[in-house]
Amino acid sequence: ARYGVGSIFIDTEKKLSLERMKDIAVNRENLANVGGRRMTQGCGHNTAQGGDDYYKPPPVVLDNVIVHKPSNTAALDLVVSRLDEEILLRNEQAGEQEHNTMGRLRFPVKLVVVDSIAATARRDFGGGRGNGNSHSISDAPQRVKAMLRIAQMLKRIADQMHVAIVVINQVEKVDERSESGLEPSLVSPITAALGTSWHHCVSTRVALEYEKESVTDDHTKDFRLQFYSTHIEEQRTRTATIVKS
């Protein structure tokens, strides 16, 4: 919303908290007003010193996030199949917002997030690996077919509607003891869920990781807590690595 664009969030994990999103929007808006830089309402747009790309008020942020919560693969397929129509409708509303007597800002959709692609597949078809689910292997062809269909629709939408598609996948550690007879290393290999078929569907893969920092010195620990002004006892180093592009 800060840059005048909206988003669609497909929450298959059922973990998206709109209350948390509202809290973040409130904190961001308060941060934008620090130093006498105040948000003003004029001509249907939020403006501030330094340009129009400032943090928007929480109601504007929440109004421009469309949330879907499909509980299975069929429901996810239905949501994705209707995305182009939904994006066109929202973009049409955004283009006509100057005639909107309700005073609600509508931004064009430029981002679609699926969190996660593996959740419904694992519920319906199992994990695809030897995870104790008796139908995970027999249903593998159906799982691959369903995921490839969803991937094709998402790619078409990204290309034709000019939106960014961010698909979050689950990961799992691979235990190689059964194959090599050796104890696993301290850092176990990690692979993405849904197997090789989904691996080839992705255009750009970004691996998000975090590592806890070990803090042994009490003075250093106290300094960090004061510096970050948080109540988090352990700081984490977060990294983003492009694995495939």
# chains A, B, ... in the order shown; residues from 1 in each chain; ligands from 1
>>> residues_around(residues="stretch 105-117 of chain A", least_positions_apart="3", cutoff="7 Å", atoms="only C-alpha atoms", output="list of chain:residue names")
A:Gly4, A:Val5, A:Gly6, A:Ser7, A:Ile8, A:Phe9, A:Ile10, A:Asp11, A:Thr12, A:Glu13, A:Val60, A:Asn64, A:Ile87, A:Arg90, A:Asn91, A:Gln93, A:Ala94, A:Gln97, A:Thr120, A:Val163, A:Ala164, A:Ile165, A:Val166, A:Val167, A:Ile168, A:Asn169, A:Gln170
>>> write_last_selection(atoms="N, CA, C and O atoms", output="compact mmCIF listing (two decimals), in the first residue's frame")
# COMPACT_ATOMS: atom_id res chain seq x y z
N GLY A 4 1.17 2.53 -3.40
CA GLY A 4 -0.05 2.64 -4.16
C GLY A 4 -0.46 1.41 -4.92
O GLY A 4 -1.08 1.51 -5.98
N VAL A 5 -0.11 0.23 -4.41
CA VAL A 5 -0.52 -1.03 -5.05
C VAL A 5 -1.13 -1.95 -4.01
O VAL A 5 -0.81 -1.88 -2.82
N GLY A 6 -2.03 -2.81 -4.47
CA GLY A 6 -2.68 -3.76 -3.59
C GLY A 6 -2.14 -5.16 -3.79
O GLY A 6 -1.30 -5.42 -4.66
N SER A 7 -2.64 -6.09 -2.98
CA SER A 7 -2.15 -7.47 -3.04
C SER A 7 -3.28 -8.45 -2.74
O SER A 7 -4.31 -8.09 -2.16
N ILE A 8 -3.04 -9.69 -3.16
CA ILE A 8 -3.94 -10.81 -2.85
C ILE A 8 -3.13 -11.85 -2.10
O ILE A 8 -2.07 -12.28 -2.58
N PHE A 9 -3.59 -12.26 -0.94
CA PHE A 9 -2.88 -13.22 -0.11
C PHE A 9 -3.72 -14.49 -0.01
O PHE A 9 -4.84 -14.48 0.50
N ILE A 10 -3.17 -15.60 -0.52
CA ILE A 10 -3.84 -16.90 -0.47
C ILE A 10 -3.24 -17.68 0.68
O ILE A 10 -2.12 -18.19 0.60
N ASP A 11 -3.97 -17.78 1.76
CA ASP A 11 -3.46 -18.31 3.03
C ASP A 11 -3.91 -19.75 3.24
O ASP A 11 -4.89 -20.02 3.94
N THR A 12 -3.19 -20.69 2.66
CA THR A 12 -3.53 -22.10 2.85
C THR A 12 -3.08 -22.62 4.22
O THR A 12 -3.59 -23.63 4.69
N GLU A 13 -2.12 -21.93 4.83
CA GLU A 13 -1.62 -22.35 6.14
C GLU A 13 -2.55 -21.91 7.28
O GLU A 13 -2.39 -22.36 8.41
N VAL A 60 -6.36 1.86 5.19
CA VAL A 60 -6.01 1.79 3.77
C VAL A 60 -5.21 0.53 3.47
O VAL A 60 -5.42 -0.14 2.45
N ASN A 64 -6.61 -2.94 1.14
CA ASN A 64 -5.93 -3.30 -0.10
C ASN A 64 -5.19 -4.63 -0.01
O ASN A 64 -4.27 -4.89 -0.77
N ILE A 87 -8.53 -9.68 -10.22
CA ILE A 87 -7.56 -8.60 -10.41
C ILE A 87 -8.12 -7.53 -11.33
O ILE A 87 -7.98 -6.32 -11.07
N ARG A 90 -10.70 -5.45 -9.33
CA ARG A 90 -10.07 -4.54 -8.38
C ARG A 90 -9.35 -3.40 -9.10
O ARG A 90 -9.41 -2.24 -8.66
N ASN A 91 -8.69 -3.69 -10.20
CA ASN A 91 -8.00 -2.64 -10.95
C ASN A 91 -8.99 -1.65 -11.56
O ASN A 91 -8.69 -0.45 -11.67
N GLN A 93 -11.86 -0.86 -10.15
CA GLN A 93 -12.26 -0.05 -9.01
C GLN A 93 -11.19 1.00 -8.69
O GLN A 93 -11.52 2.15 -8.35
N ALA A 94 -9.94 0.62 -8.81
CA ALA A 94 -8.84 1.55 -8.54
C ALA A 94 -8.84 2.69 -9.55
O ALA A 94 -8.57 3.84 -9.20
N GLN A 97 -11.62 5.32 -8.63
CA GLN A 97 -11.71 5.70 -7.22
C GLN A 97 -11.99 7.20 -7.03
O GLN A 97 -12.48 7.60 -5.98
N THR A 120 -1.91 -27.55 1.12
CA THR A 120 -3.08 -28.30 0.69
C THR A 120 -2.69 -29.62 0.04
O THR A 120 -3.39 -30.62 0.18
N VAL A 163 1.63 -8.96 -12.83
CA VAL A 163 1.73 -8.96 -11.37
C VAL A 163 2.86 -9.89 -10.94
O VAL A 163 3.23 -10.82 -11.67
N ALA A 164 3.40 -9.62 -9.76
CA ALA A 164 4.42 -10.50 -9.19
C ALA A 164 3.73 -11.62 -8.41
O ALA A 164 2.82 -11.36 -7.63
N ILE A 165 4.17 -12.84 -8.65
CA ILE A 165 3.61 -14.01 -7.94
C ILE A 165 4.68 -14.55 -7.00
O ILE A 165 5.75 -14.97 -7.45
N VAL A 166 4.41 -14.52 -5.72
CA VAL A 166 5.34 -15.07 -4.72
C VAL A 166 4.70 -16.32 -4.13
O VAL A 166 3.65 -16.24 -3.48
N VAL A 167 5.32 -17.46 -4.36
CA VAL A 167 4.81 -18.74 -3.87
C VAL A 167 5.75 -19.26 -2.80
O VAL A 167 6.93 -19.51 -3.06
N ILE A 168 5.24 -19.40 -1.60
CA ILE A 168 6.04 -19.90 -0.48
C ILE A 168 5.89 -21.41 -0.40
O ILE A 168 4.77 -21.93 -0.43
N ASN A 169 7.01 -22.10 -0.31
CA ASN A 169 6.99 -23.55 -0.23
C ASN A 169 7.55 -23.99 1.12
O ASN A 169 8.28 -23.26 1.78
N GLN A 170 7.20 -25.18 1.51
CA GLN A 170 7.75 -25.76 2.74
C GLN A 170 9.06 -26.47 2.42
O GLN A 170 9.31 -26.84 1.28
>>> closest_residue(among="A:Ala74, A:Leu194, A:Ile66, A:Ile150", to="A:Glu86", atoms="only C-alpha atoms")
A:Ile66
>>> closest_residue(among="A:Asn30, A:Gln152, A:Thr73, A:Ser81", to="A:His200", atoms="only C-alpha atoms")
A:Gln152
>>> residues_around(residues="stretch 143-148 of chain A", least_positions_apart="6", cutoff="9 Å", atoms="only C-alpha atoms", output="list in words")
Thr73, Ala74, Asp77, Ile117, Ala118, Ala121, Arg122, Asp124, Phe125, Gly126, Gly128, Ser136, Leu194, Gly195, Ser197, Trp198 and Cys201 of chain A
>>> closest_residue(among="A:Arg238, A:Lys14, A:Arg28, A:Arg82", to="A:Lys69", atoms="only C-alpha atoms")
A:Lys14
>>> atom_distance(atom1="atom CA of A:Ala193", atom2="atom CA of A:Glu172")
6.7 Å
